[in-house]
$ cat entry_25.tsv   # TSV, C-alpha atoms and all ligand atoms
chain	number	residue	atom	x	y	z
P	1	MET	CA	0.00	0.00	0.00
P	2	GLU	CA	1.15	3.58	-0.71
P	3	LEU	CA	0.68	5.91	2.30
P	4	LYS	CA	0.64	9.67	1.72
P	5	ILE	CA	1.51	11.40	4.99
P	6	THR	CA	2.08	15.07	5.77
P	7	CYS	CA	4.47	15.61	8.69
P	8	ILE	CA	4.63	18.63	10.96
P	9	PRO	CA	7.87	18.42	12.94
P	10	GLY	CA	7.05	21.74	14.65
P	11	ASP	CA	9.12	23.27	17.45
P	12	GLY	CA	11.20	22.23	20.47
P	13	ILE	CA	11.55	18.45	20.63
P	14	GLY	CA	9.06	18.11	17.72
P	15	PRO	CA	11.65	17.45	14.95
P	16	GLU	CA	13.51	14.89	17.12
P	17	ILE	CA	10.43	12.83	18.00
P	18	VAL	CA	8.87	12.98	14.52
P	19	ALA	CA	12.16	11.68	13.06
P	20	GLN	CA	11.87	8.61	15.33
P	21	ALA	CA	8.24	8.01	14.33
P	22	LYS	CA	9.17	8.18	10.63
P	23	LYS	CA	11.97	5.70	11.23
P	24	VAL	CA	9.54	3.27	12.88
P	25	LEU	CA	6.96	3.73	10.10
P	26	ASP	CA	9.64	3.03	7.49
P	27	LYS	CA	10.54	-0.17	9.32
P	28	VAL	CA	6.88	-1.21	9.38
P	29	GLY	CA	6.72	-0.45	5.64
P	30	GLU	CA	9.78	-2.64	5.04
P	31	VAL	CA	8.40	-5.58	7.05
P	32	TYR	CA	4.80	-5.42	5.80
P	33	GLY	CA	5.38	-4.21	2.23
P	34	HIS	CA	4.10	-0.60	2.32
P	35	ARG	CA	5.64	2.61	0.96
P	36	MET	CA	5.51	5.81	2.99
P	37	HIS	CA	5.48	9.15	1.14
P	38	TYR	CA	6.18	12.05	3.51
P	39	THR	CA	5.84	15.76	2.86
P	40	ASP	CA	6.96	18.06	5.67
P	41	ILE	CA	5.21	21.36	6.37
P	42	LEU	CA	5.98	24.14	8.82
P	43	MET	CA	3.65	25.13	11.62
P	44	GLY	CA	3.93	27.08	14.87
P	45	GLY	CA	7.13	28.93	15.74
P	46	ALA	CA	9.07	27.37	12.85
P	47	SER	CA	6.54	28.80	10.41
P	48	ILE	CA	6.52	32.22	12.14
P	49	ASP	CA	10.30	32.40	11.75
P	50	ALA	CA	10.30	31.28	8.11
P	51	CYS	CA	7.04	32.76	6.75
P	52	GLY	CA	5.89	35.38	9.29
P	53	GLU	CA	2.71	33.45	10.23
P	54	PRO	CA	2.01	30.27	12.24
P	55	LEU	CA	0.45	28.38	9.31
P	56	THR	CA	0.41	29.29	5.62
P	57	GLN	CA	-2.36	28.50	3.13
P	58	GLU	CA	0.18	26.45	1.17
P	59	ALA	CA	0.85	24.29	4.25
P	60	ILE	CA	-2.90	23.78	4.77
P	61	ASP	CA	-3.32	22.71	1.13
P	62	THR	CA	-0.43	20.25	1.48
P	63	ALA	CA	-2.01	18.78	4.63
P	64	LYS	CA	-5.38	18.44	2.89
P	65	ALA	CA	-3.80	16.62	-0.05
P	66	ALA	CA	-2.45	13.86	2.24
P	67	GLN	CA	-4.33	10.91	3.75
P	68	ALA	CA	-3.15	11.73	7.29
P	69	VAL	CA	-1.03	14.22	9.20
P	70	LEU	CA	1.62	13.24	11.75
P	71	MET	CA	2.66	16.03	14.06
P	72	GLY	CA	5.34	16.54	16.70
P	73	SER	CA	4.50	19.55	18.80
P	74	ILE	CA	4.48	23.30	18.44
P	75	GLY	CA	5.25	26.28	20.67
P	76	GLY	CA	8.16	27.64	22.67
P	77	ASN	CA	8.86	28.81	26.18
P	78	THR	CA	5.80	30.98	26.80
P	79	SER	CA	7.68	33.34	29.19
P	80	THR	CA	10.84	33.93	27.16
P	81	SER	CA	10.16	33.19	23.49
P	82	PRO	CA	9.60	36.24	21.22
P	83	TRP	CA	6.72	34.32	19.59
P	84	TYR	CA	4.62	35.14	22.67
P	85	LYS	CA	5.08	38.89	22.23
P	86	LEU	CA	2.96	38.62	19.06
P	87	PRO	CA	-0.82	39.13	19.12
P	88	PRO	CA	-2.70	35.86	19.93
P	89	GLU	CA	-3.73	35.18	16.31
P	90	LYS	CA	-0.07	35.24	15.22
P	91	ARG	CA	1.29	32.98	17.96
P	92	PRO	CA	2.31	29.32	17.41
P	93	GLU	CA	-0.92	27.86	18.90
P	94	ALA	CA	-3.03	29.80	16.36
P	95	GLY	CA	-1.58	27.46	13.70
P	96	LEU	CA	-2.87	24.43	15.57
P	97	LEU	CA	-6.36	25.89	16.05
P	98	ARG	CA	-6.51	26.83	12.37
P	99	ILE	CA	-5.44	23.43	11.06
P	100	ARG	CA	-8.00	21.66	13.29
P	101	LYS	CA	-10.70	23.94	11.92
P	102	GLU	CA	-9.58	23.72	8.28
P	103	LEU	CA	-9.46	19.93	8.44
P	104	ASN	CA	-12.82	19.76	10.29
P	105	LEU	CA	-11.37	17.59	13.04
P	106	PHE	CA	-14.31	17.09	15.38
P	107	ALA	CA	-13.33	13.88	17.18
P	108	ASN	CA	-10.39	13.81	19.57
P	109	LEU	CA	-9.08	10.47	20.80
P	110	ARG	CA	-6.76	10.17	23.75
P	111	PRO	CA	-5.79	6.72	24.94
P	112	ALA	CA	-4.61	6.35	28.53
P	113	VAL	CA	-2.74	3.11	29.02
P	114	LEU	CA	-0.95	1.94	32.13
P	115	TYR	CA	1.94	-0.26	30.98
P	116	GLU	CA	2.75	-3.06	33.37
P	117	GLN	CA	6.43	-2.06	33.26
P	118	LEU	CA	5.64	1.56	34.24
P	119	ALA	CA	3.09	0.77	36.95
P	120	ALA	CA	5.36	2.39	39.55
P	121	ALA	CA	4.78	5.80	37.86
P	122	CYS	CA	1.01	5.52	38.43
P	123	PRO	CA	-0.01	7.78	41.34
P	124	LEU	CA	-2.89	5.45	42.34
P	125	LYS	CA	-2.71	2.87	45.13
P	126	GLU	CA	-1.08	-0.41	44.14
P	127	GLU	CA	-4.31	-2.38	44.61
P	128	ILE	CA	-5.80	-0.23	41.82
P	129	SER	CA	-2.77	0.15	39.55
P	130	SER	CA	-1.92	-3.55	39.70
P	131	LYS	CA	-5.04	-4.26	37.62
P	132	GLY	CA	-3.64	-2.05	34.82
P	133	PHE	CA	-5.90	-0.12	32.43
P	134	ASP	CA	-6.27	0.68	28.77
P	135	LEU	CA	-8.96	3.24	28.04
P	136	LEU	CA	-9.64	5.77	25.34
P	137	ILE	CA	-11.34	9.12	25.74
P	138	MET	CA	-13.33	10.18	22.69
P	139	ARG	CA	-13.98	13.91	23.05
P	140	GLU	CA	-16.14	16.09	20.82
P	141	LEU	CA	-13.81	18.87	19.73
P	142	THR	CA	-15.66	21.54	17.78
P	143	GLY	CA	-18.96	22.15	19.61
P	144	GLY	CA	-20.32	22.82	23.08
P	145	LEU	CA	-19.34	25.49	25.55
P	146	TYR	CA	-15.99	26.41	23.93
P	147	PHE	CA	-17.66	27.34	20.64
P	148	GLY	CA	-20.99	28.78	21.83
P	149	GLU	CA	-21.86	32.46	21.93
P	150	ARG	CA	-20.21	34.34	24.77
P	151	LYS	CA	-20.29	37.86	26.08
P	152	THR	CA	-19.63	39.97	29.14
P	153	VAL	CA	-22.11	42.74	29.92
P	154	THR	CA	-22.65	45.21	32.73
P	155	GLU	CA	-26.18	45.37	34.10
P	156	ASN	CA	-27.03	47.97	36.74
P	157	GLY	CA	-23.32	48.41	37.45
P	158	VAL	CA	-22.78	44.64	37.92
P	159	ARG	CA	-20.56	42.74	35.45
P	160	LYS	CA	-22.07	39.56	34.09
P	161	ALA	CA	-20.45	36.94	31.83
P	162	ILE	CA	-22.44	34.53	29.65
P	163	ASP	CA	-21.25	31.37	27.86
P	164	THR	CA	-23.64	29.15	25.93
P	165	LEU	CA	-23.51	25.38	25.59
P	166	THR	CA	-25.14	24.20	22.35
P	167	TYR	CA	-25.19	20.83	20.61
P	168	THR	CA	-27.21	19.81	17.56
P	169	GLU	CA	-28.26	16.19	17.17
P	170	GLU	CA	-26.03	15.95	14.08
P	171	GLU	CA	-22.95	17.02	16.07
P	172	ILE	CA	-23.74	14.38	18.68
P	173	ARG	CA	-24.55	11.65	16.16
P	174	ARG	CA	-21.29	11.94	14.19
P	175	ILE	CA	-19.07	11.71	17.30
P	176	ALA	CA	-21.19	8.87	18.70
P	177	ILE	CA	-20.76	6.92	15.44
P	178	LYS	CA	-16.97	7.40	15.68
P	179	GLY	CA	-17.06	6.24	19.30
P	180	PHE	CA	-18.97	3.05	18.52
P	181	ASP	CA	-16.86	2.33	15.41
P	182	ILE	CA	-13.71	2.56	17.49
P	183	ALA	CA	-15.16	0.51	20.36
P	184	GLN	CA	-15.75	-2.27	17.80
P	185	LYS	CA	-11.99	-2.31	17.19
P	186	ARG	CA	-11.37	-2.55	20.97
P	187	ARG	CA	-13.17	-4.28	23.87
P	188	LYS	CA	-16.64	-3.24	22.65
P	189	LYS	CA	-17.80	-1.08	25.53
P	190	VAL	CA	-18.85	2.60	25.39
P	191	THR	CA	-19.36	4.70	28.51
P	192	SER	CA	-21.21	7.84	27.44
P	193	VAL	CA	-20.53	10.64	29.91
P	194	ASP	CA	-22.91	13.55	30.41
P	195	LYS	CA	-24.71	15.64	33.03
P	196	ALA	CA	-28.22	14.58	32.03
P	197	ASN	CA	-29.61	15.21	35.52
P	198	VAL	CA	-29.09	18.97	34.94
P	199	LEU	CA	-28.36	19.96	31.34
P	200	ASP	CA	-30.68	19.85	28.32
P	201	SER	CA	-27.70	19.43	26.00
P	202	SER	CA	-26.79	16.29	27.99
P	203	ARG	CA	-30.34	14.92	27.78
P	204	LEU	CA	-30.21	15.28	23.99
P	205	TRP	CA	-26.70	13.75	24.03
P	206	ARG	CA	-28.01	10.69	25.87
P	207	LYS	CA	-31.00	10.25	23.52
P	208	VAL	CA	-28.92	10.50	20.34
P	209	VAL	CA	-26.21	8.17	21.71
P	210	GLU	CA	-28.94	5.61	22.44
P	211	GLU	CA	-30.28	5.96	18.88
P	212	VAL	CA	-26.80	5.34	17.46
P	213	ALA	CA	-26.22	2.37	19.80
P	214	VAL	CA	-29.11	0.48	18.17
P	215	ASN	CA	-26.88	-0.03	15.11
P	216	TYR	CA	-24.09	-1.58	17.23
P	217	PRO	CA	-25.69	-4.55	19.02
P	218	ASP	CA	-22.23	-6.02	19.71
P	219	VAL	CA	-21.15	-2.94	21.72
P	220	THR	CA	-22.28	-2.50	25.34
P	221	LEU	CA	-23.43	1.04	26.17
P	222	GLU	CA	-23.56	2.52	29.65
P	223	HIS	CA	-24.27	6.10	30.72
P	224	MET	CA	-22.37	7.83	33.50
P	225	LEU	CA	-22.65	11.31	35.00
P	226	VAL	CA	-19.49	13.34	34.59
P	227	ASP	CA	-18.92	13.86	38.33
P	228	ASN	CA	-19.15	10.12	38.90
P	229	CYS	CA	-16.80	9.47	35.95
P	230	ALA	CA	-14.18	11.80	37.47
P	231	MET	CA	-14.32	9.68	40.64
P	232	GLN	CA	-14.37	6.32	38.84
P	233	LEU	CA	-11.22	7.24	36.89
P	234	VAL	CA	-9.25	7.24	40.13
P	235	ARG	CA	-11.26	4.51	41.88
P	236	ASP	CA	-11.11	1.87	39.12
P	237	PRO	CA	-9.94	3.01	35.66
P	238	SER	CA	-9.84	-0.62	34.49
P	239	GLN	CA	-13.66	-0.58	34.15
P	240	PHE	CA	-13.46	1.71	31.07
P	241	ASP	CA	-12.91	0.95	27.40
P	242	VAL	CA	-14.18	3.94	25.33
P	243	ILE	CA	-15.38	7.04	27.21
P	244	LEU	CA	-17.52	9.11	24.84
P	245	THR	CA	-18.14	12.68	25.88
P	246	GLU	CA	-18.66	16.31	24.90
P	247	ASN	CA	-16.00	18.98	24.57
P	248	MET	CA	-15.54	20.46	28.04
P	249	PHE	CA	-16.11	17.23	30.00
P	250	GLY	CA	-13.61	15.53	27.65
P	251	ASP	CA	-11.06	18.30	28.12
P	252	ILE	CA	-11.05	17.78	31.88
P	253	LEU	CA	-11.43	13.98	31.97
P	254	SER	CA	-8.67	13.39	29.39
P	255	ASP	CA	-6.18	15.36	31.50
P	256	GLU	CA	-7.24	13.42	34.57
P	257	ALA	CA	-6.83	10.11	32.70
P	258	SER	CA	-3.35	11.19	31.48
P	259	MET	CA	-2.30	11.99	35.02
P	260	VAL	CA	-3.25	8.57	36.35
P	261	THR	CA	-0.87	6.91	33.87
P	262	GLY	CA	1.92	9.02	35.36
P	263	SER	CA	3.97	9.24	32.14
P	264	ILE	CA	3.36	12.20	29.83
P	265	GLY	CA	5.95	11.03	27.28
P	266	MET	CA	3.90	7.89	26.55
P	267	LEU	CA	0.51	9.41	25.63
P	268	SER	CA	-0.59	9.54	22.01
P	269	SER	CA	-3.61	11.28	20.49
P	270	ALA	CA	-5.61	11.58	17.30
P	271	SER	CA	-8.11	14.06	15.91
P	272	LEU	CA	-10.41	12.77	13.17
P	273	ASN	CA	-12.96	14.14	10.72
P	274	ASP	CA	-15.84	12.21	9.19
P	275	THR	CA	-13.65	10.53	6.57
P	276	LYS	CA	-10.61	8.37	7.34
P	277	PHE	CA	-8.45	11.51	7.55
P	278	GLY	CA	-6.84	12.33	10.88
P	279	LEU	CA	-4.15	14.38	12.61
P	280	TYR	CA	-1.98	12.36	14.99
P	281	GLU	CA	0.22	13.88	17.69
P	282	PRO	CA	1.58	13.22	21.17
P	283	SER	CA	-0.48	14.63	24.05
P	284	HIS	CA	2.51	16.51	25.45
P	285	GLY	CA	3.91	19.85	24.31
P	286	SER	CA	7.16	20.85	22.63
P	287	ALA	CA	9.24	20.59	25.84
P	288	PRO	CA	11.57	23.51	24.96
P	289	ASP	CA	13.51	22.84	28.19
P	290	ILE	CA	14.96	19.62	26.76
P	291	ALA	CA	14.95	20.36	23.01
P	292	GLY	CA	18.02	19.46	20.93
P	293	GLN	CA	19.58	17.24	23.61
P	294	ASP	CA	18.47	13.83	22.28
P	295	ILE	CA	16.80	13.00	25.61
P	296	ALA	CA	13.09	13.38	24.75
P	297	ASN	CA	10.84	10.34	24.90
P	298	PRO	CA	9.62	9.64	21.34
P	299	ILE	CA	7.15	6.91	22.37
P	300	ALA	CA	4.01	9.11	22.45
P	301	THR	CA	4.70	10.16	18.85
P	302	ILE	CA	5.53	6.61	17.79
P	303	LEU	CA	2.25	5.39	19.34
P	304	SER	CA	0.45	8.24	17.54
P	305	ALA	CA	1.89	6.86	14.29
P	306	ALA	CA	0.43	3.46	15.28
P	307	MET	CA	-2.98	5.11	15.76
P	308	MET	CA	-2.59	6.64	12.30
P	309	LEU	CA	-2.04	3.20	10.75
P	310	ARG	CA	-5.06	1.84	12.61
P	311	PHE	CA	-7.59	4.62	12.07
P	312	SER	CA	-6.61	6.33	8.79
P	313	PHE	CA	-5.26	3.30	6.91
P	314	ASP	CA	-7.05	0.35	8.60
P	315	LEU	CA	-3.67	-1.36	9.04
P	316	ASP	CA	-4.45	-3.01	12.38
P	317	LYS	CA	-1.73	-5.68	12.23
P	318	GLU	CA	0.91	-3.05	11.53
P	319	ALA	CA	-0.38	-0.84	14.36
P	320	ASP	CA	-0.28	-3.84	16.70
P	321	SER	CA	3.34	-4.48	15.70
P	322	ILE	CA	4.34	-0.97	16.83
P	323	GLU	CA	2.43	-1.22	20.11
P	324	ASN	CA	3.95	-4.64	20.81
P	325	ALA	CA	7.45	-3.36	19.96
P	326	VAL	CA	7.02	-0.53	22.49
P	327	LYS	CA	5.96	-3.05	25.16
P	328	SER	CA	8.93	-5.32	24.32
P	329	VAL	CA	11.42	-2.45	24.59
P	330	LEU	CA	9.99	-1.49	28.00
P	331	LYS	CA	10.06	-5.13	29.07
P	332	ALA	CA	13.72	-5.34	28.05
P	333	GLY	CA	14.39	-2.51	30.53
P	334	TYR	CA	15.10	0.45	28.21
P	335	ARG	CA	13.90	3.86	29.39
P	336	THR	CA	14.29	7.49	28.35
P	337	GLY	CA	15.05	9.89	31.21
P	338	ASP	CA	11.42	10.86	31.91
P	339	ILE	CA	10.40	7.25	32.68
P	340	TYR	CA	13.73	6.05	34.06
P	341	SER	CA	13.91	4.17	37.33
P	342	GLU	CA	16.84	2.50	39.05
P	343	GLY	CA	18.14	-0.68	37.48
P	344	MET	CA	16.88	0.21	34.00
P	345	VAL	CA	19.01	1.11	30.94
P	346	LYS	CA	18.87	4.81	30.12
P	347	THR	CA	18.57	5.58	26.39
P	348	GLY	CA	18.36	8.72	24.32
P	349	CYS	CA	15.58	9.69	21.90
P	350	ASN	CA	17.33	8.38	18.80
P	351	GLN	CA	18.36	5.10	20.42
P	352	MET	CA	14.80	4.53	21.67
P	353	GLY	CA	13.60	4.89	18.05
P	354	ASP	CA	16.23	2.34	16.89
P	355	LEU	CA	15.28	-0.12	19.64
P	356	ILE	CA	11.59	0.03	18.74
P	357	CYS	CA	12.52	-0.59	15.07
P	358	ASP	CA	14.51	-3.67	16.14
P	359	TYR	CA	11.39	-5.15	17.76
P	360	ILE	CA	9.03	-4.57	14.79
P	361	LYS	CA	8.04	-8.02	13.63
U	1	LIG	P1	5.25	20.23	27.80
U	1	LIG	O1	4.36	19.04	27.66
U	1	LIG	O2	5.99	20.65	26.59
U	1	LIG	O3	6.33	19.92	28.95
U	1	LIG	C1	5.99	19.67	30.30
U	1	LIG	C2	7.14	18.90	30.98
U	1	LIG	O4	7.17	17.56	30.48
U	1	LIG	C3	8.52	19.49	30.67
U	1	LIG	O5	9.35	19.34	31.79
U	1	LIG	C4	9.04	18.64	29.52
U	1	LIG	O6	10.45	18.54	29.48
U	1	LIG	C5	8.40	17.28	29.84
U	1	LIG	N1	8.13	16.53	28.60
U	1	LIG	C6	7.12	16.75	27.72
U	1	LIG	N2	7.19	15.89	26.72
U	1	LIG	C7	8.25	15.09	26.95
U	1	LIG	C8	8.84	14.00	26.27
U	1	LIG	N3	8.35	13.54	25.10
U	1	LIG	N4	9.94	13.41	26.79
U	1	LIG	C9	10.45	13.84	27.96
U	1	LIG	N5	9.93	14.86	28.68
U	1	LIG	C10	8.85	15.49	28.17
U	1	LIG	O7	4.36	21.41	28.37
U	1	LIG	P2	4.72	22.95	28.57
U	1	LIG	O8	6.14	23.09	29.06
U	1	LIG	O9	3.63	23.49	29.37
U	1	LIG	O10	4.63	23.61	27.13
U	1	LIG	C11	5.73	23.85	26.27
U	1	LIG	C12	5.21	24.40	24.95
U	1	LIG	O11	4.43	23.37	24.30
U	1	LIG	C13	4.30	25.61	25.09
U	1	LIG	O12	4.59	26.51	24.06
U	1	LIG	C14	2.91	25.03	24.90
U	1	LIG	O13	1.99	25.98	24.39
U	1	LIG	C15	3.19	23.95	23.87
U	1	LIG	N6	2.18	22.88	23.79
U	1	LIG	C16	1.89	22.43	22.54
U	1	LIG	C17	0.99	21.41	22.40
U	1	LIG	C18	0.69	20.92	21.00
U	1	LIG	O14	1.48	21.18	20.10
U	1	LIG	N7	-0.39	20.20	20.80
U	1	LIG	C19	0.38	20.82	23.52
U	1	LIG	C20	0.73	21.28	24.79
U	1	LIG	C21	1.64	22.33	24.92

$ encode --input "entry_25.tsv" --output "structure tokens"
Amino acid sequence: MELKITCIPGDGIGPEIVAQAKKVLDKVGEVYGHRMHYTDILMGGASIDACGEPLTQEAIDTAKAAQAVLMGSIGGNTSTSPWYKLPPEKRPEAGLLRIRKELNLFANLRPAVLYEQLAAACPLKEEISSKGFDLLIMRELTGGLYFGERKTVTENGVRKAIDTLTYTEEEIRRIAIKGFDIAQKRRKKVTSVDKANVLDSSRLWRKVVEEVAVNYPDVTLEHMLVDNCAMQLVRDPSQFDVILTENMFGDILSDEASMVTGSIGMLSSASLNDTKFGLYEPSHGSAPDIAGQDIANPIATILSAAMMLRFSFDLDKEADSIENAVKSVLKAGYRTGDIYSEGMVKTGCNQMGDLICDYIK
């Protein structure tokens, strides 16, 4: 198969970690008989320096012409970098917001996996962490409170701020379909999270999710209130497979789920539209404090590349081979600095990429 991929190395550690992901993809191509065609584009600070804006139209067109986008991370040190003296719409993050909008990426997927070998990094009690967990948060990304009308007014000398939370049934249906489709590729359970005891938007959410569920008789659906879900994530995260939720609840719950894994350098993510197209990136930022030192952990980006194979190209076997290679490398005791513990073998970013390639079968 020929795979057309646009890469955004970005800023900070971005170019280092994307280089490792490309290396691993090339190895997968070699073993499984696929050809990767990469085109790099600039975004964020790198694009500001070269083109005077965080994302050019040409870069957007290049991204749209590919089948998927693989990104490192963008942004610099927000206190010291000159990029943050620019007006907000010219800063690095404006590039990311624009590309998400241009590509109509409405579904955000963030897996939170506790690897057996990294269980010590989990901040939960051992009786909970010893069960391990492998869940995925599917968050609606372009609707709800963050995109509703907002204003601040002064009434009778008192300031008042108003935000509106709106969802149409179509917005709910398309994310629910994605959630159920992906659950079918996993352990076939969807937990739909809402606040249906209070919010109308949540009551509609629940109804539409139930309508969609009818078409997926092999997937178990349960509903959970968001406050309960926040508790369950620390009480017993192993109960979850796919958590399907709206924008703001997903924003908060996905950070909570990341924290309980304890290792930011291991967390991948994907943002999808209603075709097979997606943008894949690590959940962490550009880590300017460690950029250029060959010490960053490339695993989150490598696992994002695995998600890309699975969701944009339907190459499940190939995606499994990357995920298994990561587990094997951890099992063999190799660790980058961020996940290092005594008795393990410390490796750099580049070496970690090589090791994962060695285990691709
Ligand atoms: P960060 O995630 O970049 O770093 C937080 C801490 O984790 C740092 O100590 C860093 O060294 C460490 N870290 C992060 N990724 C690592 C990795 N792969 N290996 C080893 N250590 C790692 O968060 P921050 O410092 O708050 O933000 C830095 C910049 O990244 C900012 O400009 C921010 O806006 C940007 N950012 C971009 C994205 C994105 O591109 N999607 C997301 C978050 C933050």

$ residues_near_ligand --input "entry_25.tsv" --ligand "ligand LIG 1 (chain U)" --cutoff "9 Å" --atoms "only C-alpha atoms and all ligand atoms" --output "CSV table (one decimal) with C-alpha atoms, in the frame of the given file"
chain,number,residue,atom,x,y,z
P,10,GLY,CA,7.0,21.7,14.6
P,11,ASP,CA,9.1,23.3,17.4
P,12,GLY,CA,11.2,22.2,20.5
P,13,ILE,CA,11.6,18.4,20.6
P,14,GLY,CA,9.1,18.1,17.7
P,17,ILE,CA,10.4,12.8,18.0
P,44,GLY,CA,3.9,27.1,14.9
P,71,MET,CA,2.7,16.0,14.1
P,72,GLY,CA,5.3,16.5,16.7
P,73,SER,CA,4.5,19.6,18.8
P,74,ILE,CA,4.5,23.3,18.4
P,75,GLY,CA,5.2,26.3,20.7
P,76,GLY,CA,8.2,27.6,22.7
P,77,ASN,CA,8.9,28.8,26.2
P,78,THR,CA,5.8,31.0,26.8
P,81,SER,CA,10.2,33.2,23.5
P,84,TYR,CA,4.6,35.1,22.7
P,92,PRO,CA,2.3,29.3,17.4
P,93,GLU,CA,-0.9,27.9,18.9
P,96,LEU,CA,-2.9,24.4,15.6
P,263,SER,CA,4.0,9.2,32.1
P,264,ILE,CA,3.4,12.2,29.8
P,265,GLY,CA,6.0,11.0,27.3
P,266,MET,CA,3.9,7.9,26.6
P,267,LEU,CA,0.5,9.4,25.6
P,281,GLU,CA,0.2,13.9,17.7
P,282,PRO,CA,1.6,13.2,21.2
P,283,SER,CA,-0.5,14.6,24.0
P,284,HIS,CA,2.5,16.5,25.4
P,285,GLY,CA,3.9,19.8,24.3
P,286,SER,CA,7.2,20.8,22.6
P,287,ALA,CA,9.2,20.6,25.8
P,288,PRO,CA,11.6,23.5,25.0
P,289,ASP,CA,13.5,22.8,28.2
P,290,ILE,CA,15.0,19.6,26.8
P,291,ALA,CA,15.0,20.4,23.0
P,295,ILE,CA,16.8,13.0,25.6
P,296,ALA,CA,13.1,13.4,24.8
P,297,ASN,CA,10.8,10.3,24.9
P,298,PRO,CA,9.6,9.6,21.3
P,299,ILE,CA,7.2,6.9,22.4
P,300,ALA,CA,4.0,9.1,22.4
P,301,THR,CA,4.7,10.2,18.8
P,336,THR,CA,14.3,7.5,28.4
P,337,GLY,CA,15.0,9.9,31.2
P,338,ASP,CA,11.4,10.9,31.9
P,339,ILE,CA,10.4,7.2,32.7
P,349,CYS,CA,15.6,9.7,21.9

$ closest_residue --input "entry_25.tsv" --among "P:Val226, P:Leu315, P:Leu279, P:Val190" --to "Lys101 in chain P" --atoms "only C-alpha atoms"
P:Leu279

$ closest_residue --input "entry_25.tsv" --among "P:Thr80, P:Gln117, P:Ser328, P:Thr142" --to "Ser130 in chain P" --atoms "only C-alpha atoms"
P:Gln117

$ closest_residue --input "entry_25.tsv" --among "P:Gly157, P:Glu256, P:Pro237, P:Ala68" --to "Phe311 in chain P" --atoms "only C-alpha atoms"
P:Ala68

$ closest_residue --input "entry_25.tsv" --among "P:Thr275, P:Ala46, P:Arg150, P:Asn350" --to "Trp83 in chain P" --atoms "all atoms listed in the file"
P:Ala46

$ atom_distance --input "entry_25.tsv" --atom1 "CA of Tyr167 in chain P" --atom2 "CA of Leu105 in chain P"
16.1 Å

$ atom_distance --input "entry_25.tsv" --atom1 "CA of Leu221 in chain P" --atom2 "CA of Ser201 in chain P"
18.9 Å

$ residues_around --input "entry_25.tsv" --residues "Ser47 in chain P" --least-positions-apart "6" --cutoff "9 Å" --atoms "all atoms listed in the file" --output "VMD selection string"
chain P and resid 10 41 53 to 56 92 95

$ closest_residue --input "entry_25.tsv" --among "P:Ser312, P:Ser192, P:Asn247, P:Asn273" --to "Thr166 in chain P" --atoms "only C-alpha atoms"
P:Asn247

$ residues_around --input "entry_25.tsv" --residues "Ala176 in chain P" --least-positions-apart "5" --cutoff "8 Å" --atoms "only C-alpha atoms" --output "number ranges by chain"
P: 209, 212, 244

$ closest_residue --input "entry_25.tsv" --among "P:Pro217, P:Pro9, P:Gly262, P:Gly250" --to "Met138 in chain P" --atoms "all atoms listed in the file"
P:Gly250

$ atom_distance --input "entry_25.tsv" --atom1 "CA of Ala305 in chain P" --atom2 "CA of Ser238 in chain P"
24.5 Å

$ residues_around --input "entry_25.tsv" --residues "Asp274 in chain P" --least-positions-apart "6" --cutoff "10 Å" --atoms "all atoms listed in the file" --output "VMD selection string"
chain P and resid 104 to 107 174 to 175 177 to 178

$ residues_around --input "entry_25.tsv" --residues "Ile5 in chain P" --least-positions-apart "4" --cutoff "8 Å" --atoms "all atoms listed in the file" --output "short mmCIF file (atom, residue, chain, number, x, y, z; two decimals) with C-alpha atoms, in the frame of the given file"
data_model
loop_
_atom_site.label_atom_id
_atom_site.label_comp_id
_atom_site.auth_asym_id
_atom_site.auth_seq_id
_atom_site.Cartn_x
_atom_site.Cartn_y
_atom_site.Cartn_z
CA MET P 36 5.51 5.81 2.99
CA HIS P 37 5.48 9.15 1.14
CA TYR P 38 6.18 12.05 3.51
CA THR P 39 5.84 15.76 2.86
CA ALA P 66 -2.45 13.86 2.24
CA GLN P 67 -4.33 10.91 3.75
CA ALA P 68 -3.15 11.73 7.29
CA VAL P 69 -1.03 14.22 9.20
CA LEU P 70 1.62 13.24 11.75
#

$ axis_aligned_box --input "entry_25.tsv" --around "range 245-255 of chain P" --padding-each-side "5 Å" --output "lines of an AutoDock Vina configuration file"
center_x = -12.4
center_y = 16.6
center_z = 28.3
size_x = 22.5
size_y = 17.8
size_z = 17.4

$ residues_around --input "entry_25.tsv" --residues "Lys331 in chain P" --least-positions-apart "2" --cutoff "10 Å" --atoms "only C-alpha atoms" --output "mmCIF file with C-alpha atoms, in the frame of the given file"
data_model
loop_
_atom_site.group_PDB
_atom_site.id
_atom_site.type_symbol
_atom_site.label_atom_id
_atom_site.label_comp_id
_atom_site.auth_asym_id
_atom_site.auth_seq_id
_atom_site.Cartn_x
_atom_site.Cartn_y
_atom_site.Cartn_z
ATOM 1 C CA TYR P 115 1.940 -0.260 30.980
ATOM 2 C CA GLU P 116 2.750 -3.060 33.370
ATOM 3 C CA GLN P 117 6.430 -2.060 33.260
ATOM 4 C CA LEU P 118 5.640 1.560 34.240
ATOM 5 C CA ALA P 325 7.450 -3.360 19.960
ATOM 6 C CA VAL P 326 7.020 -0.530 22.490
ATOM 7 C CA LYS P 327 5.960 -3.050 25.160
ATOM 8 C CA SER P 328 8.930 -5.320 24.320
ATOM 9 C CA VAL P 329 11.420 -2.450 24.590
ATOM 10 C CA GLY P 333 14.390 -2.510 30.530
ATOM 11 C CA TYR P 334 15.100 0.450 28.210
ATOM 12 C CA ARG P 335 13.900 3.860 29.390
ATOM 13 C CA MET P 344 16.880 0.210 34.000
#
